[in-house]
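Take a look at the structure below.
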There are 2 protein chains.
Amino acid sequence: MLSDEQRNLLDKSGFAKLVTLMPDGHPQGTVMWYRREGDTLRMIAPESAVKVKNLDRDSRSTVIVDDPDSGYSYLELRCRCEVVHDDASAREELHRVASRYIGDRAADFVAGLSAEPRVILVFEPFRVLGQIR
Amino acid sequence: MLSDEQRNLLDKSGFAKLVTLMPDGHPQGTVMWYRREGDTLRMIAPESAVKVKNLDRDSRSTVIVDDPDSGYSYLELRCRCEVVHDDASAREELHRVASRYIGDRAADFVAGLSAEPRVILVFEPFRVLGQIR
């Protein structure tokens, strides 16, 4: 699914723009940390977040990742999302995700989280668009 | 609608992530130049673009603008979009939009465009979310 060039862009530490669908179908967008694993992207969110409720109801989602080195390069991944409701695994995954952005401070970051359960969002792209310049 | 702080962020020259809805309701995202005018955002696109067809059919749209100086600051604007089918006005507006990003080279950029008609996308936000840090 993903080419080497696309994987290279996704492995930089840009931020993902995650788009879900509100109950009325209007798109909802947030900016997220993420990590690529194989051909999927993984993100962590509190179980109570609007985006999680949206994805639990409707797995249709789109992720835009722009190249932190050039705003003219970006990928649009049209996805289905699986929501994994497993707080312990989500905190482990968050450590991996956060390490991409804040390095050694990830452990303290995860340790300082509230008790509210986290979920893992696993995005499986079925179509990849965009441009790499 | 927009606060001074929000206007300040929108007046930087970050890129907009524009989200429209495909015919089946799946969100579609692209990265765009834009310009703020009052409480609206304006973008230019070829009339034949998928995003334009989407917006002609369903005006529901969401625009994410992140702060080029800090990925942790961004706005999410949930909008209705008016599509203005007026090629001459669109080329004039594109000159203004492009000037924000490429300065004096905007005139040559617009002069070098194909003959395909352009449209003006006018985004009217009804809700503004996000975070400014």
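Labels used: A, B, ... for chains in the order of the structure tokens, numbers from 1 for residues in each chain, and numbers from 1 for ligands as shown.
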
Q.
With DSSP run on the backbone, what are the alpha helix (DSSP H) residues within segment 9-133 of chain A? I'd like them as a PyMOL selection string.
A. chain A and resi 9-10+50-57+87-102+106-111

Got time to write the residues from that selection, N, CA and C atoms, as a compact mmCIF listing (two decimals), in the first residue's frame?
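Final output, again19.txt:
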```txt
# COMPACT_ATOMS: atom_id res chain seq x y z
N LEU A 9 8.15 9.95 4.37
CA LEU A 9 7.46 11.17 4.82
C LEU A 9 6.75 10.92 6.15
N LEU A 10 6.07 9.78 6.25
CA LEU A 10 5.30 9.49 7.47
C LEU A 10 6.20 9.25 8.67
N VAL A 50 -14.31 13.65 21.68
CA VAL A 50 -15.32 13.68 20.60
C VAL A 50 -14.86 12.81 19.43
N LYS A 51 -13.57 12.91 19.07
CA LYS A 51 -13.08 12.14 17.91
C LYS A 51 -13.22 10.64 18.15
N VAL A 52 -13.03 10.20 19.41
CA VAL A 52 -13.16 8.77 19.71
C VAL A 52 -14.63 8.34 19.60
N LYS A 53 -15.52 9.15 20.14
CA LYS A 53 -16.95 8.83 19.99
C LYS A 53 -17.33 8.78 18.52
N ASN A 54 -16.81 9.74 17.76
CA ASN A 54 -17.10 9.74 16.31
C ASN A 54 -16.61 8.45 15.65
N LEU A 55 -15.37 8.04 15.98
CA LEU A 55 -14.79 6.86 15.32
C LEU A 55 -15.44 5.56 15.80
N ASP A 56 -15.90 5.55 17.04
CA ASP A 56 -16.63 4.37 17.53
C ASP A 56 -17.95 4.20 16.77
N ARG A 57 -18.53 5.32 16.37
CA ARG A 57 -19.83 5.29 15.67
C ARG A 57 -19.65 5.09 14.18
N ASP A 87 -6.75 0.36 27.99
CA ASP A 87 -6.01 1.48 28.58
C ASP A 87 -4.53 1.16 28.77
N ALA A 88 -4.23 -0.05 29.27
CA ALA A 88 -2.82 -0.37 29.54
C ALA A 88 -2.02 -0.38 28.24
N SER A 89 -2.56 -1.02 27.21
CA SER A 89 -1.86 -1.04 25.92
C SER A 89 -1.75 0.35 25.33
N ALA A 90 -2.78 1.17 25.54
CA ALA A 90 -2.77 2.53 24.99
C ALA A 90 -1.65 3.34 25.62
N ARG A 91 -1.43 3.17 26.92
CA ARG A 91 -0.35 3.92 27.58
C ARG A 91 1.02 3.45 27.10
N GLU A 92 1.17 2.17 26.84
CA GLU A 92 2.44 1.68 26.27
C GLU A 92 2.66 2.25 24.88
N GLU A 93 1.58 2.22 24.09
CA GLU A 93 1.69 2.75 22.72
C GLU A 93 1.98 4.24 22.76
N LEU A 94 1.35 4.96 23.69
CA LEU A 94 1.59 6.40 23.78
C LEU A 94 3.06 6.70 24.06
N HIS A 95 3.68 5.85 24.84
CA HIS A 95 5.11 6.05 25.10
C HIS A 95 5.90 5.99 23.80
N ARG A 96 5.55 5.04 22.96
CA ARG A 96 6.24 4.93 21.66
C ARG A 96 5.94 6.14 20.77
N VAL A 97 4.66 6.53 20.74
CA VAL A 97 4.27 7.67 19.90
C VAL A 97 4.96 8.95 20.39
N ALA A 98 4.88 9.18 21.71
CA ALA A 98 5.43 10.43 22.26
C ALA A 98 6.94 10.51 22.08
N SER A 99 7.61 9.35 22.10
CA SER A 99 9.07 9.35 21.95
C SER A 99 9.50 9.96 20.62
N ARG A 100 8.66 9.84 19.60
CA ARG A 100 8.98 10.43 18.30
C ARG A 100 9.07 11.96 18.38
N TYR A 101 8.33 12.53 19.33
CA TYR A 101 8.22 13.99 19.37
C TYR A 101 9.02 14.61 20.51
N ILE A 102 9.05 13.92 21.66
CA ILE A 102 9.70 14.54 22.83
C ILE A 102 10.80 13.66 23.41
N ALA A 106 9.30 11.28 27.12
CA ALA A 106 8.03 10.56 26.91
C ALA A 106 7.59 9.79 28.16
N ALA A 107 8.55 9.19 28.86
CA ALA A 107 8.18 8.39 30.04
C ALA A 107 7.51 9.27 31.09
N ASP A 108 8.09 10.44 31.35
CA ASP A 108 7.48 11.36 32.32
C ASP A 108 6.12 11.84 31.83
N PHE A 109 6.03 12.07 30.54
CA PHE A 109 4.76 12.54 29.98
C PHE A 109 3.67 11.51 30.22
N VAL A 110 3.95 10.26 29.95
CA VAL A 110 2.94 9.20 30.11
C VAL A 110 2.62 9.01 31.60
N ALA A 111 3.66 9.06 32.45
CA ALA A 111 3.44 8.89 33.89
C ALA A 111 2.56 9.99 34.46
```

The coordinates of chain B, once least-squares superposed on chain A over all sequentially paired C-alpha atoms, should be supplied as a PDB file with C-alpha atoms, in the first residue's frame.
```
ATOM      1  CA  MET B   1       0.011  -0.030  -0.007  1.00  0.00           C
ATOM      2  CA  LEU B   2       2.589   2.592   1.090  1.00  0.00           C
ATOM      3  CA  SER B   3       5.653   3.274  -1.060  1.00  0.00           C
ATOM      4  CA  ASP B   4       9.103   3.825   0.442  1.00  0.00           C
ATOM      5  CA  GLU B   5       8.794   7.542  -0.346  1.00  0.00           C
ATOM      6  CA  GLN B   6       5.463   7.719   1.482  1.00  0.00           C
ATOM      7  CA  ARG B   7       6.861   5.803   4.454  1.00  0.00           C
ATOM      8  CA  ASN B   8       9.798   8.196   4.609  1.00  0.00           C
ATOM      9  CA  LEU B   9       7.470  11.176   4.823  1.00  0.00           C
ATOM     10  CA  LEU B  10       5.310   9.485   7.466  1.00  0.00           C
ATOM     11  CA  ASP B  11       8.364   8.620   9.547  1.00  0.00           C
ATOM     12  CA  LYS B  12       9.288  12.284   9.941  1.00  0.00           C
ATOM     13  CA  SER B  13       7.857  13.915  13.031  1.00  0.00           C
ATOM     14  CA  GLY B  14       5.193  16.117  11.476  1.00  0.00           C
ATOM     15  CA  PHE B  15       1.796  16.265  13.121  1.00  0.00           C
ATOM     16  CA  ALA B  16      -1.217  14.428  11.749  1.00  0.00           C
ATOM     17  CA  LYS B  17      -4.451  16.228  10.996  1.00  0.00           C
ATOM     18  CA  LEU B  18      -7.111  13.707  11.880  1.00  0.00           C
ATOM     19  CA  VAL B  19     -10.566  14.085  10.396  1.00  0.00           C
ATOM     20  CA  THR B  20     -13.578  12.222  11.768  1.00  0.00           C
ATOM     21  CA  LEU B  21     -17.294  12.664  11.159  1.00  0.00           C
ATOM     22  CA  MET B  22     -19.668  14.296  13.620  1.00  0.00           C
ATOM     23  CA  PRO B  23     -23.088  12.630  14.130  1.00  0.00           C
ATOM     24  CA  ASP B  24     -24.596  15.016  11.541  1.00  0.00           C
ATOM     25  CA  GLY B  25     -21.854  14.133   9.012  1.00  0.00           C
ATOM     26  CA  HIS B  26     -19.910  17.395   9.304  1.00  0.00           C
ATOM     27  CA  PRO B  27     -16.140  16.777   9.275  1.00  0.00           C
ATOM     28  CA  GLN B  28     -14.289  17.352  12.563  1.00  0.00           C
ATOM     29  CA  GLY B  29     -10.525  17.956  12.560  1.00  0.00           C
ATOM     30  CA  THR B  30      -7.827  17.794  15.222  1.00  0.00           C
ATOM     31  CA  VAL B  31      -4.039  17.853  15.249  1.00  0.00           C
ATOM     32  CA  MET B  32      -2.413  14.706  16.624  1.00  0.00           C
ATOM     33  CA  TRP B  33       0.813  12.906  17.362  1.00  0.00           C
ATOM     34  CA  TYR B  34       1.003   9.589  15.528  1.00  0.00           C
ATOM     35  CA  ARG B  35       3.311   6.705  14.735  1.00  0.00           C
ATOM     36  CA  ARG B  36       3.450   4.563  11.599  1.00  0.00           C
ATOM     37  CA  GLU B  37       3.497   0.789  12.043  1.00  0.00           C
ATOM     38  CA  GLY B  38       3.661  -1.097   8.772  1.00  0.00           C
ATOM     39  CA  ASP B  39       0.921   0.361   6.608  1.00  0.00           C
ATOM     40  CA  THR B  40      -1.100   1.665   9.557  1.00  0.00           C
ATOM     41  CA  LEU B  41      -0.944   4.820  11.652  1.00  0.00           C
ATOM     42  CA  ARG B  42      -1.495   4.744  15.401  1.00  0.00           C
ATOM     43  CA  MET B  43      -2.682   7.552  17.657  1.00  0.00           C
ATOM     44  CA  ILE B  44      -3.765   7.732  21.291  1.00  0.00           C
ATOM     45  CA  ALA B  45      -6.714   9.673  22.682  1.00  0.00           C
ATOM     46  CA  PRO B  46      -8.827   9.840  25.836  1.00  0.00           C
ATOM     47  CA  GLU B  47     -11.850   7.551  25.582  1.00  0.00           C
ATOM     48  CA  SER B  48     -14.209  10.495  26.179  1.00  0.00           C
ATOM     49  CA  ALA B  49     -12.855  12.616  23.308  1.00  0.00           C
ATOM     50  CA  VAL B  50     -15.306  13.676  20.609  1.00  0.00           C
ATOM     51  CA  LYS B  51     -13.074  12.136  17.912  1.00  0.00           C
ATOM     52  CA  VAL B  52     -13.168   8.770  19.711  1.00  0.00           C
ATOM     53  CA  LYS B  53     -16.959   8.840  20.000  1.00  0.00           C
ATOM     54  CA  ASN B  54     -17.092   9.746  16.319  1.00  0.00           C
ATOM     55  CA  LEU B  55     -14.787   6.862  15.327  1.00  0.00           C
ATOM     56  CA  ASP B  56     -16.642   4.379  17.538  1.00  0.00           C
ATOM     57  CA  ARG B  57     -19.830   5.304  15.681  1.00  0.00           C
ATOM     58  CA  ASP B  58     -18.361   5.714  12.159  1.00  0.00           C
ATOM     59  CA  SER B  59     -14.889   4.395  11.339  1.00  0.00           C
ATOM     60  CA  ARG B  60     -14.566   6.558   8.215  1.00  0.00           C
ATOM     61  CA  SER B  61     -11.652   8.923   8.698  1.00  0.00           C
ATOM     62  CA  THR B  62      -9.001  10.800   6.790  1.00  0.00           C
ATOM     63  CA  VAL B  63      -5.514  11.682   7.956  1.00  0.00           C
ATOM     64  CA  ILE B  64      -3.416  14.445   6.400  1.00  0.00           C
ATOM     65  CA  VAL B  65       0.299  14.439   7.195  1.00  0.00           C
ATOM     66  CA  ASP B  66       2.415  17.259   5.872  1.00  0.00           C
ATOM     67  CA  ASP B  67       6.151  17.127   5.560  1.00  0.00           C
ATOM     68  CA  PRO B  68       7.667  19.226   8.380  1.00  0.00           C
ATOM     69  CA  ASP B  69      10.461  20.149   5.954  1.00  0.00           C
ATOM     70  CA  SER B  70       8.181  21.368   3.137  1.00  0.00           C
ATOM     71  CA  GLY B  71       4.549  22.446   3.331  1.00  0.00           C
ATOM     72  CA  TYR B  72       4.157  21.535  -0.337  1.00  0.00           C
ATOM     73  CA  SER B  73       4.615  17.809   0.357  1.00  0.00           C
ATOM     74  CA  TYR B  74       1.794  15.992   2.074  1.00  0.00           C
ATOM     75  CA  LEU B  75      -0.163  12.770   2.107  1.00  0.00           C
ATOM     76  CA  GLU B  76      -3.881  12.262   2.432  1.00  0.00           C
ATOM     77  CA  LEU B  77      -4.765   8.841   3.788  1.00  0.00           C
ATOM     78  CA  ARG B  78      -8.390   7.792   3.544  1.00  0.00           C
ATOM     79  CA  CYS B  79      -8.854   5.260   6.271  1.00  0.00           C
ATOM     80  CA  ARG B  80     -11.021   3.002   8.293  1.00  0.00           C
ATOM     81  CA  CYS B  81     -10.176   3.228  11.981  1.00  0.00           C
ATOM     82  CA  GLU B  82     -10.283   0.514  14.602  1.00  0.00           C
ATOM     83  CA  VAL B  83     -10.679   1.831  18.150  1.00  0.00           C
ATOM     84  CA  VAL B  84      -8.879  -0.415  20.659  1.00  0.00           C
ATOM     85  CA  HIS B  85     -10.336   0.084  24.138  1.00  0.00           C
ATOM     86  CA  ASP B  86      -7.392  -1.157  26.219  1.00  0.00           C
ATOM     87  CA  ASP B  87      -6.015   1.481  28.562  1.00  0.00           C
ATOM     88  CA  ALA B  88      -2.812  -0.371  29.528  1.00  0.00           C
ATOM     89  CA  SER B  89      -1.866  -1.052  25.911  1.00  0.00           C
ATOM     90  CA  ALA B  90      -2.760   2.522  24.988  1.00  0.00           C
ATOM     91  CA  ARG B  91      -0.345   3.917  27.582  1.00  0.00           C
ATOM     92  CA  GLU B  92       2.442   1.670  26.279  1.00  0.00           C
ATOM     93  CA  GLU B  93       1.692   2.744  22.720  1.00  0.00           C
ATOM     94  CA  LEU B  94       1.578   6.399  23.779  1.00  0.00           C
ATOM     95  CA  HIS B  95       5.111   6.050  25.109  1.00  0.00           C
ATOM     96  CA  ARG B  96       6.246   4.924  21.654  1.00  0.00           C
ATOM     97  CA  VAL B  97       4.264   7.663  19.898  1.00  0.00           C
ATOM     98  CA  ALA B  98       5.424  10.422  22.267  1.00  0.00           C
ATOM     99  CA  SER B  99       9.070   9.350  21.942  1.00  0.00           C
ATOM    100  CA  ARG B 100       8.961  10.434  18.294  1.00  0.00           C
ATOM    101  CA  TYR B 101       8.212  13.992  19.375  1.00  0.00           C
ATOM    102  CA  ILE B 102       9.698  14.547  22.821  1.00  0.00           C
ATOM    103  CA  GLY B 103      12.319  11.813  23.040  1.00  0.00           C
ATOM    104  CA  ASP B 104      13.422  10.915  26.551  1.00  0.00           C
ATOM    105  CA  ARG B 105      10.691  13.026  28.126  1.00  0.00           C
ATOM    106  CA  ALA B 106       8.032  10.561  26.904  1.00  0.00           C
ATOM    107  CA  ALA B 107       8.184   8.388  30.044  1.00  0.00           C
ATOM    108  CA  ASP B 108       7.479  11.372  32.330  1.00  0.00           C
ATOM    109  CA  PHE B 109       4.752  12.541  29.972  1.00  0.00           C
ATOM    110  CA  VAL B 110       2.945   9.209  30.106  1.00  0.00           C
ATOM    111  CA  ALA B 111       3.437   8.896  33.874  1.00  0.00           C
ATOM    112  CA  GLY B 112       1.844  12.306  34.355  1.00  0.00           C
ATOM    113  CA  LEU B 113      -1.375  11.504  32.474  1.00  0.00           C
ATOM    114  CA  SER B 114      -4.760  11.595  34.186  1.00  0.00           C
ATOM    115  CA  ALA B 115      -6.454   8.298  35.104  1.00  0.00           C
ATOM    116  CA  GLU B 116      -9.001   8.689  32.326  1.00  0.00           C
ATOM    117  CA  PRO B 117      -8.823   5.628  30.069  1.00  0.00           C
ATOM    118  CA  ARG B 118      -6.997   6.022  26.783  1.00  0.00           C
ATOM    119  CA  VAL B 119      -7.709   4.181  23.530  1.00  0.00           C
ATOM    120  CA  ILE B 120      -5.505   3.235  20.585  1.00  0.00           C
ATOM    121  CA  LEU B 121      -6.738   4.452  17.206  1.00  0.00           C
ATOM    122  CA  VAL B 122      -5.455   2.188  14.424  1.00  0.00           C
ATOM    123  CA  PHE B 123      -5.854   3.749  10.991  1.00  0.00           C
ATOM    124  CA  GLU B 124      -5.863   1.416   8.001  1.00  0.00           C
ATOM    125  CA  PRO B 125      -5.620   3.408   4.754  1.00  0.00           C
ATOM    126  CA  PHE B 126      -7.526   2.137   1.731  1.00  0.00           C
ATOM    127  CA  ARG B 127      -6.458   5.026  -0.496  1.00  0.00           C
ATOM    128  CA  VAL B 128      -3.402   7.274  -0.379  1.00  0.00           C
ATOM    129  CA  LEU B 129      -3.337  10.630  -2.179  1.00  0.00           C
ATOM    130  CA  GLY B 130      -1.361  13.846  -1.916  1.00  0.00           C
ATOM    131  CA  GLN B 131       1.921  14.967  -3.387  1.00  0.00           C
ATOM    132  CA  ILE B 132       5.587  14.606  -2.524  1.00  0.00           C
ATOM    133  CA  ARG B 133       7.818  17.307  -3.991  1.00  0.00           C
TER     134      ARG B 133
END
```

**Q.** DSSP-assigned strand (DSSP E or B) members of segment 73-126 of chain B, reported as a PyMOL selection string
**A.** chain B and resi 73-84+118-126
